[in-house]
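What follows is the content of query_36.csv (CSV, C-alpha atoms and all ligand atoms).
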chain,number,residue,atom,x,y,z
A,92,MET,CA,-88.1,101.4,-9.1
A,93,ALA,CA,-89.4,98.2,-7.7
A,94,ILE,CA,-91.3,97.4,-10.9
A,95,ASN,CA,-88.2,98.1,-13.0
A,96,HIS,CA,-86.3,95.7,-10.8
A,97,PHE,CA,-88.8,93.0,-11.2
A,98,ILE,CA,-88.9,93.5,-15.0
A,99,LEU,CA,-85.2,93.1,-15.0
A,100,VAL,CA,-85.4,89.9,-13.0
A,101,LEU,CA,-88.0,88.5,-15.4
A,102,ILE,CA,-86.1,89.5,-18.4
A,103,SER,CA,-82.9,87.9,-17.1
A,104,LEU,CA,-84.8,84.8,-16.2
A,105,SER,CA,-86.4,84.6,-19.6
A,106,CYS,CA,-82.9,84.8,-21.1
A,107,LEU,CA,-81.6,82.3,-18.7
A,108,PHE,CA,-84.3,79.8,-19.4
A,109,SER,CA,-85.0,80.4,-23.0
A,110,PHE,CA,-82.5,77.8,-24.2
A,111,SER,CA,-84.5,75.1,-22.5
A,112,ALA,CA,-87.9,76.3,-23.7
A,113,SER,CA,-89.6,74.2,-26.4
A,114,SER,CA,-90.8,77.2,-28.4
A,115,PRO,CA,-88.5,80.1,-29.3
A,116,ALA,CA,-88.6,82.6,-26.5
A,117,PRO,CA,-89.4,86.2,-27.5
A,118,SER,CA,-86.4,88.4,-27.4
A,119,PRO,CA,-86.3,90.5,-24.3
A,120,ALA,CA,-86.6,93.7,-26.2
A,121,SER,CA,-89.9,92.7,-27.8
A,122,ALA,CA,-91.4,90.8,-24.9
A,123,PRO,CA,-94.4,92.6,-23.5
A,124,PHE,CA,-94.1,92.5,-19.8
A,125,PRO,CA,-95.0,90.2,-18.2
A,126,SER,CA,-98.0,88.4,-19.7
A,127,GLU,CA,-96.0,86.3,-22.1
A,128,ILE,CA,-93.9,84.7,-19.4
A,129,GLN,CA,-96.3,82.1,-18.2
A,130,SER,CA,-94.1,79.2,-17.5
A,131,PHE,CA,-90.6,78.1,-18.2
A,132,ASN,CA,-88.5,75.0,-17.7
A,133,PHE,CA,-85.8,75.2,-15.2
A,134,PRO,CA,-82.4,73.9,-16.4
A,135,GLU,CA,-82.0,70.6,-14.7
A,136,PRO,CA,-79.6,70.4,-11.8
A,137,GLU,CA,-77.1,67.6,-12.3
A,138,GLY,CA,-78.3,64.3,-11.2
A,139,GLN,CA,-81.9,65.3,-11.4
A,140,LYS,CA,-83.6,63.4,-14.2
A,141,HIS,CA,-87.1,64.5,-14.3
A,142,GLU,CA,-88.1,67.7,-15.9
A,143,GLN,CA,-89.4,70.2,-13.4
A,144,GLU,CA,-91.8,72.8,-14.8
A,145,LEU,CA,-92.6,75.7,-12.7
A,146,THR,CA,-95.5,77.9,-13.5
A,147,ILE,CA,-95.8,81.4,-12.2
A,148,LEU,CA,-98.8,83.5,-12.7
A,149,PRO,CA,-97.6,87.0,-13.5
A,150,VAL,CA,-100.9,87.8,-15.2
A,151,SER,CA,-103.1,87.3,-12.2
A,152,ALA,CA,-100.6,88.0,-9.4
A,153,ASP,CA,-101.4,91.2,-7.7
A,154,PRO,CA,-99.0,94.0,-8.8
A,155,SER,CA,-98.2,94.9,-5.2
A,156,LEU,CA,-97.2,91.3,-4.6
A,157,GLN,CA,-95.1,91.4,-7.7
A,158,ARG,CA,-93.4,94.5,-6.4
A,159,ILE,CA,-92.7,92.9,-3.0
A,160,CYS,CA,-91.5,89.6,-4.4
A,161,GLY,CA,-89.5,91.5,-7.1
A,162,ASP,CA,-87.4,93.1,-4.4
A,163,THR,CA,-86.3,89.7,-3.0
A,164,ASP,CA,-83.4,87.6,-4.3
A,165,HIS,CA,-85.7,84.7,-5.2
A,166,PRO,CA,-88.9,86.3,-6.6
A,167,ILE,CA,-90.2,83.1,-8.2
A,168,GLU,CA,-90.1,81.2,-4.9
A,169,CYS,CA,-91.6,84.2,-3.2
A,170,LEU,CA,-94.6,84.1,-5.6
A,171,THR,CA,-95.1,80.4,-5.8
A,172,THR,CA,-94.9,79.9,-2.0
A,173,THR,CA,-97.3,82.7,-1.2
A,174,VAL,CA,-99.8,83.1,-4.0
A,175,PRO,CA,-101.8,79.9,-3.2
A,176,PHE,CA,-102.3,81.0,0.4
A,177,LEU,CA,-103.4,84.5,-0.1
A,178,GLY,CA,-107.2,84.5,0.5
A,179,ASP,CA,-109.3,87.3,-1.0
A,180,ASP,CA,-109.3,88.9,2.4
A,181,VAL,CA,-105.6,89.2,2.8
A,182,LYS,CA,-104.3,92.7,2.3
A,183,ILE,CA,-101.2,92.7,0.1
A,184,GLU,CA,-98.6,94.5,2.1
A,185,PRO,CA,-95.1,93.5,3.2
A,186,VAL,CA,-96.2,92.4,6.7
A,187,SER,CA,-99.0,90.1,5.5
A,188,ILE,CA,-96.7,88.6,2.8
A,189,LEU,CA,-94.0,88.1,5.5
A,190,LYS,CA,-96.5,86.3,7.7
A,191,VAL,CA,-97.7,84.0,4.9
A,192,GLY,CA,-94.0,83.4,3.9
A,193,LEU,CA,-93.1,82.5,7.5
A,194,GLU,CA,-96.0,80.1,7.7
A,195,ALA,CA,-95.0,78.5,4.3
A,196,MET,CA,-91.5,78.3,5.6
A,197,GLY,CA,-92.6,76.6,8.8
A,198,ASN,CA,-94.5,74.1,6.7
A,199,LYS,CA,-91.5,73.4,4.5
A,200,THR,CA,-89.3,73.1,7.5
A,201,ARG,CA,-91.6,70.4,9.0
A,202,GLU,CA,-91.5,68.6,5.6
A,203,ALA,CA,-87.7,68.8,5.7
A,204,LEU,CA,-87.7,67.6,9.3
A,205,ALA,CA,-89.8,64.6,8.3
A,206,GLU,CA,-87.6,63.7,5.3
A,207,ALA,CA,-84.4,63.9,7.4
A,208,SER,CA,-85.9,61.9,10.2
A,209,LEU,CA,-87.0,59.1,7.9
A,210,LEU,CA,-83.5,58.9,6.4
A,211,LEU,CA,-82.0,58.9,9.8
A,212,LEU,CA,-84.1,55.8,10.7
A,213,ASP,CA,-83.3,54.1,7.5
A,214,PRO,CA,-80.7,51.4,8.2
A,215,SER,CA,-79.2,51.8,4.8
A,216,THR,CA,-78.2,55.4,5.6
A,217,GLN,CA,-74.4,55.7,6.1
A,218,GLU,CA,-73.3,56.6,9.5
A,219,ALA,CA,-71.5,59.7,8.3
A,220,VAL,CA,-74.6,60.9,6.5
A,221,ALA,CA,-76.7,60.1,9.6
A,222,SER,CA,-74.5,62.4,11.6
A,223,CYS,CA,-75.0,65.2,9.2
A,224,LEU,CA,-78.7,64.6,9.2
A,225,GLU,CA,-78.7,65.0,13.0
A,226,THR,CA,-77.3,68.4,12.5
A,227,CYS,CA,-80.0,69.2,10.0
A,228,ILE,CA,-82.7,68.0,12.4
A,229,ASP,CA,-81.3,70.3,15.1
A,230,SER,CA,-81.2,73.2,12.8
A,231,TYR,CA,-84.7,72.6,11.5
A,232,ASN,CA,-86.0,72.5,15.1
A,233,ALA,CA,-84.2,75.8,15.7
A,234,ILE,CA,-85.8,77.3,12.6
A,235,LEU,CA,-89.2,76.3,13.8
A,236,ASP,CA,-88.5,77.9,17.2
A,237,THR,CA,-87.2,81.1,15.7
A,238,ASN,CA,-90.0,81.2,13.3
A,239,GLN,CA,-92.5,81.2,16.1
A,240,LYS,CA,-90.6,84.0,17.8
A,241,ALA,CA,-90.6,86.0,14.6
A,242,LEU,CA,-94.3,85.7,14.4
A,243,GLU,CA,-94.6,86.8,18.0
A,244,ALA,CA,-92.4,89.8,17.2
A,245,ILE,CA,-94.8,90.7,14.4
A,246,ALA,CA,-97.8,90.4,16.7
A,247,ILE,CA,-96.3,92.9,19.1
A,248,ARG,CA,-94.8,95.0,16.3
A,249,ASP,CA,-91.3,94.7,17.6
A,250,LEU,CA,-89.2,95.4,14.5
A,251,TYR,CA,-85.9,95.0,16.3
A,252,GLN,CA,-86.8,91.6,17.6
A,253,LEU,CA,-88.2,90.6,14.2
A,254,SER,CA,-84.9,91.4,12.5
A,255,MET,CA,-83.0,89.5,15.1
A,256,GLU,CA,-85.1,86.4,14.6
A,257,LEU,CA,-85.0,86.6,10.8
A,258,SER,CA,-81.3,87.0,10.8
A,259,SER,CA,-80.7,84.1,13.2
A,260,ASN,CA,-82.7,81.8,10.9
A,261,VAL,CA,-80.3,82.6,8.1
A,262,GLU,CA,-77.6,81.1,10.3
A,263,ASN,CA,-79.7,78.2,11.3
A,264,VAL,CA,-80.5,77.2,7.8
A,265,HIS,CA,-76.9,77.0,6.7
A,266,ALA,CA,-75.9,74.5,9.4
A,267,CYS,CA,-77.4,71.6,7.4
A,268,SER,CA,-75.7,72.2,4.1
A,269,ASP,CA,-72.5,73.2,5.9
A,270,ALA,CA,-72.4,69.9,7.7
A,271,PHE,CA,-72.6,67.9,4.4
A,272,GLU,CA,-70.0,70.2,2.8
A,273,GLU,CA,-67.5,69.8,5.6
A,274,ALA,CA,-68.0,66.0,5.5
A,275,GLU,CA,-67.6,66.1,1.7
A,276,LEU,CA,-70.8,64.2,1.4
A,277,GLU,CA,-73.7,64.7,-1.0
A,278,SER,CA,-76.8,65.7,0.9
A,279,PRO,CA,-79.8,63.5,0.3
A,280,ILE,CA,-82.1,66.4,1.2
A,281,LYS,CA,-80.3,69.1,-0.7
A,282,GLU,CA,-83.3,70.2,-2.7
A,283,ILE,CA,-85.7,70.9,0.1
A,284,ASP,CA,-82.8,72.5,2.0
A,285,ALA,CA,-82.0,74.8,-0.9
A,286,LEU,CA,-85.6,75.9,-1.1
A,287,LEU,CA,-85.6,76.6,2.6
A,288,GLU,CA,-82.5,78.8,2.2
A,289,LYS,CA,-84.3,80.8,-0.5
A,290,MET,CA,-87.5,81.2,1.6
A,291,ILE,CA,-85.5,82.4,4.6
A,292,SER,CA,-83.5,84.8,2.5
A,293,ASN,CA,-86.7,86.2,1.1
A,294,SER,CA,-88.2,86.6,4.6
A,295,LEU,CA,-85.2,88.5,5.6
A,296,ALA,CA,-85.4,90.8,2.6
A,297,ILE,CA,-89.1,91.5,3.2
A,298,GLY,CA,-88.9,91.7,7.0
A,299,ILE,CA,-85.8,94.0,7.1
A,300,ASP,CA,-86.2,96.2,4.1
A,301,MET,CA,-90.0,96.5,3.6
A,302,VAL,CA,-91.9,96.0,6.9
A,303,HIS,CA,-92.6,99.1,8.9
A,304,PHE,CA,-94.8,99.3,11.9
A,401,LIG,C1,-99.3,75.2,6.1
A,401,LIG,O1,-99.8,73.9,6.5
A,401,LIG,C2,-101.2,73.9,6.9
A,401,LIG,C3,-101.5,72.5,7.4
A,401,LIG,O2,-101.2,71.6,6.4
A,401,LIG,C4,-102.1,74.5,5.8
A,401,LIG,O3,-103.4,74.5,6.2
A,401,LIG,C5,-101.6,75.8,5.4
A,401,LIG,O4,-102.4,76.3,4.3
A,401,LIG,C6,-100.2,75.9,5.0
A,401,LIG,N1,-99.8,77.2,4.8
A,401,LIG,C7,-98.8,77.6,4.0
A,401,LIG,C8,-98.6,79.1,3.8
A,401,LIG,O5,-98.1,76.9,3.3

Using the file provided, produce a representation of the structure as structure tokens.
Amino acid sequence: MAINHFILVLISLSCLFSFSASSPAPSPASAPFPSEIQSFNFPEPEGQKHEQELTILPVSADPSLQRICGDTDHPIECLTTTVPFLGDDVKIEPVSILKVGLEAMGNKTREALAEASLLLLDPSTQEAVASCLETCIDSYNAILDTNQKALEAIAIRDLYQLSMELSSNVENVHACSDAFEEAELESPIKEIDALLEKMISNSLAIGIDMVHF
């Protein structure tokens, strides 16, 4: 079931991205899963000039990891943010992937916090934007706090507390983009913020649906 789901995700991704690939993409029906899908170019979000190429490693990624990530809403982000941090000694199971994911999310949140703080200090930042950035900074601090509590819940195998913390981070992470949306302003940190939203959504999917103690 999980494998089928992942194949579907990969097939739909390959359809989605095939128009931007330089060589003709194999038709989904003939594509051997998943070794041919080595890399693809993301369609560029508006306003983003440079070409962003993202490579995933379905060939070497552990099948159990592919299954776990395949059951999240953002399997590519799940793989790319965890694969580089899985040492040989890490057992591939939902709880270990969740822990690495939370650590990666904490790192990304600290990056976002640094970006937002720099912009806030920049005198050329509009006052209305600065006020939204303050909301983002508060929400990122809350995420770090909650992240820590989620890790503590894992340590004491408290599934209920874990799900509470993971859910509350979904709320925390939307505060930043909501602030910009309400002010009808373009967020200068929308990319890192969007990645954080995906990482948090994935941690919720893994923590709630797959982790059992
Ligand atoms: C998080 O950041 C620390 C310090 O930079 C690094 O050692 C660690 O590998 C990172 N972990 C993840 C999962 O990103």

When the cut-off is 10 Å and you count all atoms listed in the file, which residues lie near ligand LIG 401 (chain A), shown as a short mmCIF file (atom, residue, chain, number, x, y, z; two decimals) with C-alpha atoms, keeping the file's coordinate frame?
data_model
loop_
_atom_site.label_atom_id
_atom_site.label_comp_id
_atom_site.auth_asym_id
_atom_site.auth_seq_id
_atom_site.Cartn_x
_atom_site.Cartn_y
_atom_site.Cartn_z
CA THR A 172 -94.90 79.90 -2.00
CA THR A 173 -97.30 82.70 -1.20
CA VAL A 174 -99.80 83.10 -4.00
CA PRO A 175 -101.80 79.90 -3.20
CA PHE A 176 -102.30 81.00 0.40
CA LEU A 177 -103.40 84.50 -0.10
CA ILE A 188 -96.70 88.60 2.80
CA LYS A 190 -96.50 86.30 7.70
CA VAL A 191 -97.70 84.00 4.90
CA GLY A 192 -94.00 83.40 3.90
CA LEU A 193 -93.10 82.50 7.50
CA GLU A 194 -96.00 80.10 7.70
CA ALA A 195 -95.00 78.50 4.30
CA MET A 196 -91.50 78.30 5.60
CA GLY A 197 -92.60 76.60 8.80
CA ASN A 198 -94.50 74.10 6.70
CA LYS A 199 -91.50 73.40 4.50
CA ARG A 201 -91.60 70.40 9.00
CA GLU A 202 -91.50 68.60 5.60
#

| CA of Lys182 in chain A to CA of Arg248 in chain A: how many Å, to one decimal? | 17.1 Å

So for range 168-183 of chain A, what box centre and size do we get, axis-aligned, 5 Å extra on each of the six sides, every listed atom, Å to one decimal, as AutoDock Vina command-line options?
--center_x -99.7 --center_y 86.3 --center_z -1.5 --size_x 29.2 --size_y 22.8 --size_z 18.6

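CA of Pro166 in chain A lies 25.6 Å from CA of Glu206 in chain A.
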
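Taking only C-alpha atoms into account, Asp229 in chain A lies nearest to A:Ala266 out of the set A:Ala266, A:Ser278, A:Asp180, A:Ile283.
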
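Relative to CA of Thr163 in chain A, CA of Ala296 in chain A is found at 5.8 Å.
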
| Which one is closest to Thr200 in chain A: A:Ala221, A:Ile245, A:Leu170, A:Leu286? Count all atoms listed in the file. | A:Leu286

| said: If we count all atoms listed in the file and set the cut-off at 8 Å, which residues sit around Lys289 in chain A, ignoring sequence neighbours fewer than 6 positions away in its own chain? Please answer as a PyMOL selection string. | reply: chain A and resi 164-165+168

| said: I'd like to know which of A:Cys267, A:Ile159, A:Leu235, A:Ile297 is closest to Glu282 in chain A, using all atoms listed in the file. | reply: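 Nearest candidate to Glu282 in chain A out of A:Cys267, A:Ile159, A:Leu235, A:Ile297: A:Cys267.
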
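Of the listed residues (A:Ile228, A:Ala285, A:Ile291, A:Cys160), A:Ile291 comes nearest to Glu256 in chain A; the distances count all atoms listed in the file.
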
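Counting only C-alpha atoms and comparing A:Gly178, A:Leu209, A:Ile299, A:Cys169, the residue that lies closest to Ala241 in chain A is A:Ile299.
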
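Closest approach to Leu189 in chain A from the set A:Ala205, A:Leu242, A:Leu212, A:Ile280 is made by A:Leu242, with distances taken over all atoms listed in the file.
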
| task | Give me the residues within 12 Å of Gln217 in chain A as a VMD selection string, counting only C-alpha atoms and dropping any in the same chain fewer than 6 places off. | result | chain A and resid 210 to 211 223 to 224 276 to 279

| task | Kindly provide, as an NGL selection string, the polymer residues lying within 10 Å of (-93.7, 91.8, 14.3), counting only C-alpha atoms and using the coordinates exactly as they appear in the file. | result | :A and (186 or 189-190 or 240-254 or 298 or 302-304)
